[in-house]
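Enquirer: Before I ask anything, here is the structure I am working with.
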Amino acid sequence: MKKFLSMMLILVLLVGFVAGCSSNTASSNEGKDSGKKGDDVLKVWSFTDELKEPIKTFEERHGMKVELTIIPIADYPTKLKPVLESGVGAPDVFTGEIAFLKEWTERDYWENLSAEPYSVDKWSEDYVPYVFDLGKDSEGNVKALSWQTTPGGIFYRRSIANEVLGTDDPKEIGEMMSSWDGMFKVGDKLKEEGYRLFPDEGAIRWFSKSEDPQPWVNENNELIMTEAKLNYFDHAKKLREKDYTAFAPEWSPSWVASMNGPIAYNGGWDEVKEDSKDKTEVFSYALPTWGLHSVLKLNAEDTAGDWAVTSGPSPYFWGGTWLGIYSGSKNKEMAWEFVKMMTHDEEFLTDWAKDTGDVLSYLPVTNKIKDDFSEPFLDGQNNYEFFLEEANKIESGIVTEYDQQIDTLLGSKVLEYVDGKLTKEEAIEEFYKAVENAYPMIKTPK
């Protein structure tokens with residue numbers, strides 16, 4: 001799945017909202033020259049360009065023009081909400097990202113797909129459980145479906161693993177990294193040989209969040225601050241103090257450069273220069289399924305084939321694209337045909353998975369193709385099978401409409417603690433105050 005890279009603006013420990021899902025951040029509006037109007041044109045809005053090729057297939061099958069509007073993720077909610085609420089210029093089909101999925105399923109924006117004539121509840125066994133469940137509203141009605149699953153892992157360099165750890169086998173490396181203590185031991189060994197465990201401290205946020213999977217806010221509007229989230233402060237601080245990271249903030253130029261080989265420390269990590277003396281290489285990156293195709297493959301051409309993926313201390317997922325039918329659409333029949341093709345068409349999804357490597361949530365296809373995948377970039381590893389196993393460990397009930405903002409607030413305070421600007425106690429207290437200011441209805445721990 002292609003991911004937008006506007007996340008390069010995100011701070012090192014910004015825990016929240018990833019910007020889910022497209023490497024194309026430019027607005028586009030396609031199909032305007034078709035000469036067709038009204039129900040002869042199916043209007044689709046998205047924050048990602050990944051629907052471009054499927055739309056070509058749909059047009060060929062149905063002899064119908066599809067007008068795709070791509071809006072950068074940063075602007076997507078603010079531009080989409082007004083048209084959904086007014087109905088003026090609204091699309092027939094629109095996508096949603098995990099950051100605002102739960103808020104939108106509670107509104108009347110998407111058609112209820114559990115109702116007739118859709119009756120998608122009978123499809124529930126066809127999908128990775130957490131993916132299907134996340135498209136439901138609080139009453140259990142399915143509002144949106146997704147063709148993909150986006151569990152994460154740790155992508156690491158095989159050559160460095162062999163040199164420092166004595167093996168590059170994903171299962172053995174996964175066992176070494178299966179606990180915090182084990183991960184820090186690996187960090188020690190790497191540092192002794194001049195390598196760094198992660199590019200920056202933010203790499204561990206996903207494991208801290210998923211170690212004890214509970215929603216940020218419970219049914220009583222109480223903030224749930226788990227021990228694992230409190231430990232995030234300490235783990236991030238340890239990474240910094242032990243010099244296990246390369247000071248290459250996520251989505252920064254140095255983060256991107258580190259995937260392709262050594263980077264240098266010149267008061268801050270930058271790309272290697274001829275006269276640089278202090279150099280290091282980063283061993284691993286915490287990335288989801290789409291990270292392989294839209295991050296590593298694009299930025300690590302010189303190290304292609306020297307990678308593998310394994311699990312960390314806890315399973316997690318990052319991003320994802322859901323889509324559904326606008327409840328006010330006058331073209332619901334064809335909109336439903338498009339949603340069905342993208343999420344429940346075995347022929348289309350089989351071709352899609354084989355062509356793109358996108359890890360599907362649709363089990364009738366994944367069960368047929370998962371055993372035959374071999375990824376050259378990962379030296380032949382079957383990453384497809386690995387990610388499907390990780391997907392089955394994910395809890396869907398932890399996602400709330402507050403996650404994006406609260407994750408961001410937590411990440412900023414962890415960063416201030418790591419930088420020595422606040423004590424841990426001060427950082428936690430300021431985090432609670434920030435949550436209260438953002439959401440006065442939420443009760444924070446005292």
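Labels for the structure tokens follow display order: chains A, B, ..., residues from 1 in each chain, ligands from 1.
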Near range 408-424 of chain A, within 12 Å and counting only C-alpha atoms, which residues show up once chain neighbours fewer than 5 positions away are dropped, as a CSV table (one decimal) with N, CA, C and O atoms, in the first residue's frame?
Expert:
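Listed below is the output, result.csv:
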chain,number,residue,atom,x,y,z
A,10,ILE,N,6.6,15.1,10.9
A,10,ILE,CA,6.4,14.7,12.3
A,10,ILE,C,7.6,14.7,13.1
A,10,ILE,O,8.7,14.4,12.7
A,11,LEU,N,7.5,15.0,14.4
A,11,LEU,CA,8.6,15.0,15.3
A,11,LEU,C,9.1,13.6,15.6
A,11,LEU,O,8.3,12.7,15.5
A,12,VAL,N,10.3,13.6,16.2
A,12,VAL,CA,10.9,12.3,16.5
A,12,VAL,C,10.0,11.3,17.2
A,12,VAL,O,10.0,10.1,16.9
A,13,LEU,N,9.4,11.7,18.3
A,13,LEU,CA,8.6,10.8,19.0
A,13,LEU,C,7.1,11.0,18.9
A,13,LEU,O,6.3,10.6,19.8
A,14,LEU,N,6.7,11.6,17.8
A,14,LEU,CA,5.3,11.8,17.6
A,14,LEU,C,4.6,10.4,17.5
A,14,LEU,O,4.8,9.7,16.6
A,15,VAL,N,3.8,10.1,18.5
A,15,VAL,CA,3.3,8.7,18.6
A,15,VAL,C,2.1,8.6,17.8
A,15,VAL,O,1.6,7.5,17.6
A,16,GLY,N,1.5,9.5,17.4
A,16,GLY,CA,0.2,9.3,16.9
A,16,GLY,C,0.1,9.0,15.5
A,16,GLY,O,0.8,8.2,14.9
A,17,PHE,N,-0.8,9.6,14.9
A,17,PHE,CA,-1.3,9.4,13.6
A,17,PHE,C,-0.3,9.3,12.6
A,17,PHE,O,0.4,10.2,12.4
A,18,VAL,N,-0.2,8.3,12.0
A,18,VAL,CA,0.7,8.1,10.9
A,18,VAL,C,0.1,8.4,9.7
A,18,VAL,O,-0.9,8.0,9.4
A,99,ALA,N,-6.9,7.0,11.5
A,99,ALA,CA,-6.9,8.1,12.5
A,99,ALA,C,-8.2,8.8,12.7
A,99,ALA,O,-8.5,9.3,13.7
A,200,ASP,N,15.7,6.2,15.7
A,200,ASP,CA,15.4,7.1,16.8
A,200,ASP,C,14.5,6.5,17.8
A,200,ASP,O,14.1,5.4,17.6
A,201,GLU,N,14.3,7.2,18.9
A,201,GLU,CA,13.5,6.6,20.0
A,201,GLU,C,12.0,6.4,19.7
A,201,GLU,O,11.4,5.5,20.3
A,202,GLY,N,11.5,7.1,18.7
A,202,GLY,CA,10.1,6.9,18.3
A,202,GLY,C,9.8,5.6,17.8
A,202,GLY,O,8.6,5.2,17.7
A,203,ALA,N,10.8,4.8,17.3
A,203,ALA,CA,10.6,3.5,16.7
A,203,ALA,C,9.9,2.6,17.7
A,203,ALA,O,9.2,1.6,17.2
A,204,ILE,N,10.0,2.8,19.0
A,204,ILE,CA,9.4,1.8,19.9
A,204,ILE,C,8.0,2.1,20.3
A,204,ILE,O,7.4,1.4,21.1
A,205,ARG,N,7.5,3.2,19.8
A,205,ARG,CA,6.2,3.7,20.3
A,205,ARG,C,5.1,2.6,20.1
A,205,ARG,O,4.2,2.5,20.9
A,206,TRP,N,5.2,1.9,19.0
A,206,TRP,CA,4.1,1.0,18.6
A,206,TRP,C,4.1,-0.2,19.6
A,206,TRP,O,3.1,-0.7,20.0
A,208,SER,N,5.1,-0.1,22.8
A,208,SER,CA,4.7,0.4,24.0
A,208,SER,C,3.1,0.5,24.0
A,208,SER,O,2.5,0.3,25.1
A,209,LYS,N,2.6,0.9,22.9
A,209,LYS,CA,1.1,1.1,22.8
A,209,LYS,C,0.4,-0.3,22.8
A,209,LYS,O,-0.7,-0.4,23.3
A,216,TRP,N,-7.5,4.2,24.8
A,216,TRP,CA,-7.1,5.4,25.5
A,216,TRP,C,-8.2,5.8,26.5
A,216,TRP,O,-8.0,6.3,27.6
A,225,MET,N,-4.3,5.0,31.4
A,225,MET,CA,-2.8,5.1,31.3
A,225,MET,C,-2.2,3.8,31.8
A,225,MET,O,-2.1,3.6,33.0
A,229,LYS,N,2.4,2.1,28.8
A,229,LYS,CA,2.6,3.5,28.3
A,229,LYS,C,3.4,4.3,29.2
A,229,LYS,O,4.2,5.1,28.8
A,230,LEU,N,3.3,4.1,30.5
A,230,LEU,CA,4.2,4.8,31.5
A,230,LEU,C,5.7,4.3,31.3
A,230,LEU,O,6.6,5.1,31.3
A,231,ASN,N,5.9,3.0,31.0
A,231,ASN,CA,7.2,2.5,30.7
A,231,ASN,C,7.8,3.0,29.4
A,231,ASN,O,9.0,3.0,29.2
A,232,TYR,N,7.0,3.5,28.5
A,232,TYR,CA,7.4,4.1,27.3
A,232,TYR,C,8.4,5.2,27.6
A,232,TYR,O,9.5,5.4,26.9
A,233,PHE,N,8.1,6.0,28.6
A,233,PHE,CA,9.1,7.1,29.0
A,233,PHE,C,10.4,6.6,29.3
A,233,PHE,O,11.5,7.1,28.8
A,234,ASP,N,10.5,5.5,30.1
A,234,ASP,CA,11.7,4.9,30.5
A,234,ASP,C,12.5,4.2,29.4
A,234,ASP,O,13.7,4.3,29.3
A,235,HIS,N,11.7,3.5,28.6
A,235,HIS,CA,12.4,2.8,27.5
A,235,HIS,C,13.0,3.8,26.5
A,235,HIS,O,14.1,3.6,26.0
A,236,ALA,N,12.3,4.8,26.2
A,236,ALA,CA,12.8,5.8,25.2
A,236,ALA,C,14.0,6.5,25.8
A,236,ALA,O,15.0,6.8,25.1
A,237,LYS,N,14.0,6.8,27.1
A,237,LYS,CA,15.1,7.4,27.8
A,237,LYS,C,16.3,6.5,27.8
A,237,LYS,O,17.5,7.0,27.5
A,238,LYS,N,16.1,5.2,27.9
A,238,LYS,CA,17.2,4.3,27.9
A,238,LYS,C,17.9,4.2,26.6
A,238,LYS,O,19.1,4.2,26.4
A,239,LEU,N,17.0,4.2,25.5
A,239,LEU,CA,17.6,4.2,24.2
A,239,LEU,C,18.5,5.4,23.9
A,239,LEU,O,19.6,5.3,23.3
A,240,ARG,N,18.1,6.6,24.4
A,240,ARG,CA,18.9,7.8,24.3
A,240,ARG,C,20.2,7.7,25.1
A,240,ARG,O,21.3,7.9,24.6
A,241,GLU,N,20.0,7.4,26.4
A,241,GLU,CA,21.2,7.4,27.3
A,241,GLU,C,22.2,6.3,26.9
A,241,GLU,O,23.4,6.5,27.1
A,242,LYS,N,21.7,5.1,26.4
A,242,LYS,CA,22.6,4.1,26.1
A,242,LYS,C,23.2,4.2,24.7
A,242,LYS,O,24.0,3.4,24.2
A,247,PHE,N,19.9,9.1,16.1
A,247,PHE,CA,19.4,10.5,16.1
A,247,PHE,C,18.9,10.9,14.7
A,247,PHE,O,19.1,12.0,14.2
A,249,PRO,N,15.4,11.3,13.2
A,249,PRO,CA,14.0,11.3,13.4
A,249,PRO,C,13.2,10.8,12.2
A,249,PRO,O,13.5,11.0,11.1
A,402,TYR,N,-10.2,9.3,19.7
A,402,TYR,CA,-9.3,10.2,20.4
A,402,TYR,C,-7.8,9.9,20.1
A,402,TYR,O,-6.9,10.7,20.5
A,403,ASP,N,-7.5,8.8,19.5
A,403,ASP,CA,-6.2,8.3,19.4
A,403,ASP,C,-5.2,9.2,18.8
A,403,ASP,O,-4.1,9.4,19.3
A,429,GLU,N,2.5,14.7,34.2
A,429,GLU,CA,1.5,15.6,34.7
A,429,GLU,C,1.1,16.6,33.6
A,429,GLU,O,-0.1,16.9,33.4
A,430,GLU,N,2.1,17.0,32.8
A,430,GLU,CA,1.8,17.9,31.7
A,430,GLU,C,0.9,17.2,30.6
A,430,GLU,O,0.1,17.8,29.9
A,431,PHE,N,1.2,15.9,30.4
A,431,PHE,CA,0.4,15.1,29.4
A,431,PHE,C,-1.0,15.1,29.9
A,431,PHE,O,-1.9,15.3,29.0
A,432,TYR,N,-1.3,14.8,31.1
A,432,TYR,CA,-2.7,14.8,31.6
A,432,TYR,C,-3.4,16.2,31.4
A,432,TYR,O,-4.5,16.2,31.0
A,433,LYS,N,-2.7,17.2,31.7
A,433,LYS,CA,-3.2,18.6,31.6
A,433,LYS,C,-3.5,18.8,30.1
A,433,LYS,O,-4.6,19.5,29.8
A,434,ALA,N,-2.7,18.4,29.2
A,434,ALA,CA,-2.9,18.6,27.8
A,434,ALA,C,-4.1,17.8,27.3
A,434,ALA,O,-4.9,18.4,26.5
A,435,VAL,N,-4.3,16.6,27.8
A,435,VAL,CA,-5.5,15.8,27.4
A,435,VAL,C,-6.7,16.5,27.9
A,435,VAL,O,-7.7,16.6,27.2
A,436,GLU,N,-6.7,17.0,29.2
A,436,GLU,CA,-7.9,17.7,29.7
A,436,GLU,C,-8.2,19.0,28.9
A,436,GLU,O,-9.4,19.3,28.7
A,437,ASN,N,-7.2,19.7,28.5
A,437,ASN,CA,-7.4,20.9,27.7
A,437,ASN,C,-8.0,20.5,26.3
A,437,ASN,O,-8.9,21.3,25.8
A,438,ALA,N,-7.6,19.4,25.7
A,438,ALA,CA,-8.1,19.0,24.4
A,438,ALA,C,-9.4,18.4,24.5
A,438,ALA,O,-10.3,18.6,23.6
A,439,TYR,N,-9.7,17.7,25.6
A,439,TYR,CA,-11.0,17.0,25.8
A,439,TYR,C,-11.4,17.1,27.2
A,439,TYR,O,-11.2,16.3,28.1
Enquirer: Just asking: which residues within range 242-372 of chain A are alpha helix (DSSP H) according to DSSP, as an NGL selection string?
Expert: :A and (253-257 or 289-291 or 297-299 or 332-344 or 346-356 or 363-369)
Enquirer: Write the residues of the preceding selection, restricted to C-alpha atoms, as a compact mmCIF listing (two decimals), in the first residue's frame.
Expert:
# COMPACT_ATOMS: atom_id res chain seq x y z
CA PRO A 253 16.24 13.17 5.45
CA SER A 254 18.67 11.40 7.79
CA TRP A 255 16.07 8.69 8.52
CA VAL A 256 15.63 8.08 4.80
CA ALA A 257 19.38 8.15 4.11
CA THR A 289 3.28 -3.97 5.66
CA TRP A 290 3.23 -0.87 3.47
CA GLY A 291 6.62 0.20 4.82
CA LYS A 297 12.06 -0.19 -1.53
CA LEU A 298 11.99 3.47 -2.49
CA ASN A 299 14.88 4.52 -0.26
CA LYS A 332 -25.43 3.59 -4.70
CA GLU A 333 -25.78 0.59 -6.99
CA MET A 334 -22.56 1.27 -8.87
CA ALA A 335 -20.86 2.51 -5.71
CA TRP A 336 -21.60 -0.85 -4.15
CA GLU A 337 -20.16 -2.61 -7.20
CA PHE A 338 -16.93 -0.69 -6.71
CA VAL A 339 -16.75 -1.45 -2.98
CA LYS A 340 -17.42 -5.14 -3.69
CA MET A 341 -14.67 -5.29 -6.30
CA MET A 342 -12.15 -3.69 -3.95
CA THR A 343 -12.99 -5.81 -0.92
CA HIS A 344 -14.70 -9.06 -1.92
CA GLU A 346 -11.62 -13.01 -5.51
CA GLU A 347 -10.32 -12.64 -9.06
CA PHE A 348 -9.47 -8.95 -8.71
CA LEU A 349 -7.92 -9.29 -5.25
CA THR A 350 -5.79 -12.26 -6.27
CA ASP A 351 -4.29 -10.27 -9.13
CA TRP A 352 -3.95 -7.21 -6.92
CA ALA A 353 -2.05 -9.05 -4.20
CA LYS A 354 0.32 -10.73 -6.66
CA ASP A 355 0.97 -7.52 -8.58
CA THR A 356 1.48 -5.18 -5.62
CA LEU A 363 -8.99 -14.58 3.72
CA PRO A 364 -10.36 -16.61 0.77
CA VAL A 365 -7.52 -15.12 -1.29
CA THR A 366 -4.79 -14.97 1.34
CA ASN A 367 -5.31 -18.61 2.27
CA LYS A 368 -4.67 -19.59 -1.35
CA ILE A 369 -1.63 -17.45 -2.06
Enquirer: Name the residues of range 183-416 of chain A that fall into strand (DSSP E or B) according to DSSP on the backbone, using the chain letters and numbers of this document, as a VMD selection string.
Expert: chain A and resid 195 to 196 198 217 222 to 223 245 263 to 265 269 to 271 279 to 282 284 to 288 307 to 310 317 321 to 326 360 362 375 381
Enquirer: Show which residues sit within 12 Å of Ile173 in chain A, as an NGL selection string. Count only C-alpha atoms, and ignore same-chain residues fewer than 2 positions away.
Expert: :A and (153-158 or 160-162 or 164-171 or 175-179 or 182-183 or 185-186 or 283-284 or 308-313)
Enquirer: Between CA of Phe373 in chain A and CA of Tyr130 in chain A, what is the distance, to one decimal in Å?
Expert: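 Separation of CA of Phe373 in chain A and CA of Tyr130 in chain A: 23.0 Å.
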Enquirer: How many Å separate CA of Leu42 in chain A from CA of Val66 in chain A?
Expert: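 Interatomic distance, CA of Leu42 in chain A to CA of Val66 in chain A: 4.7 Å.
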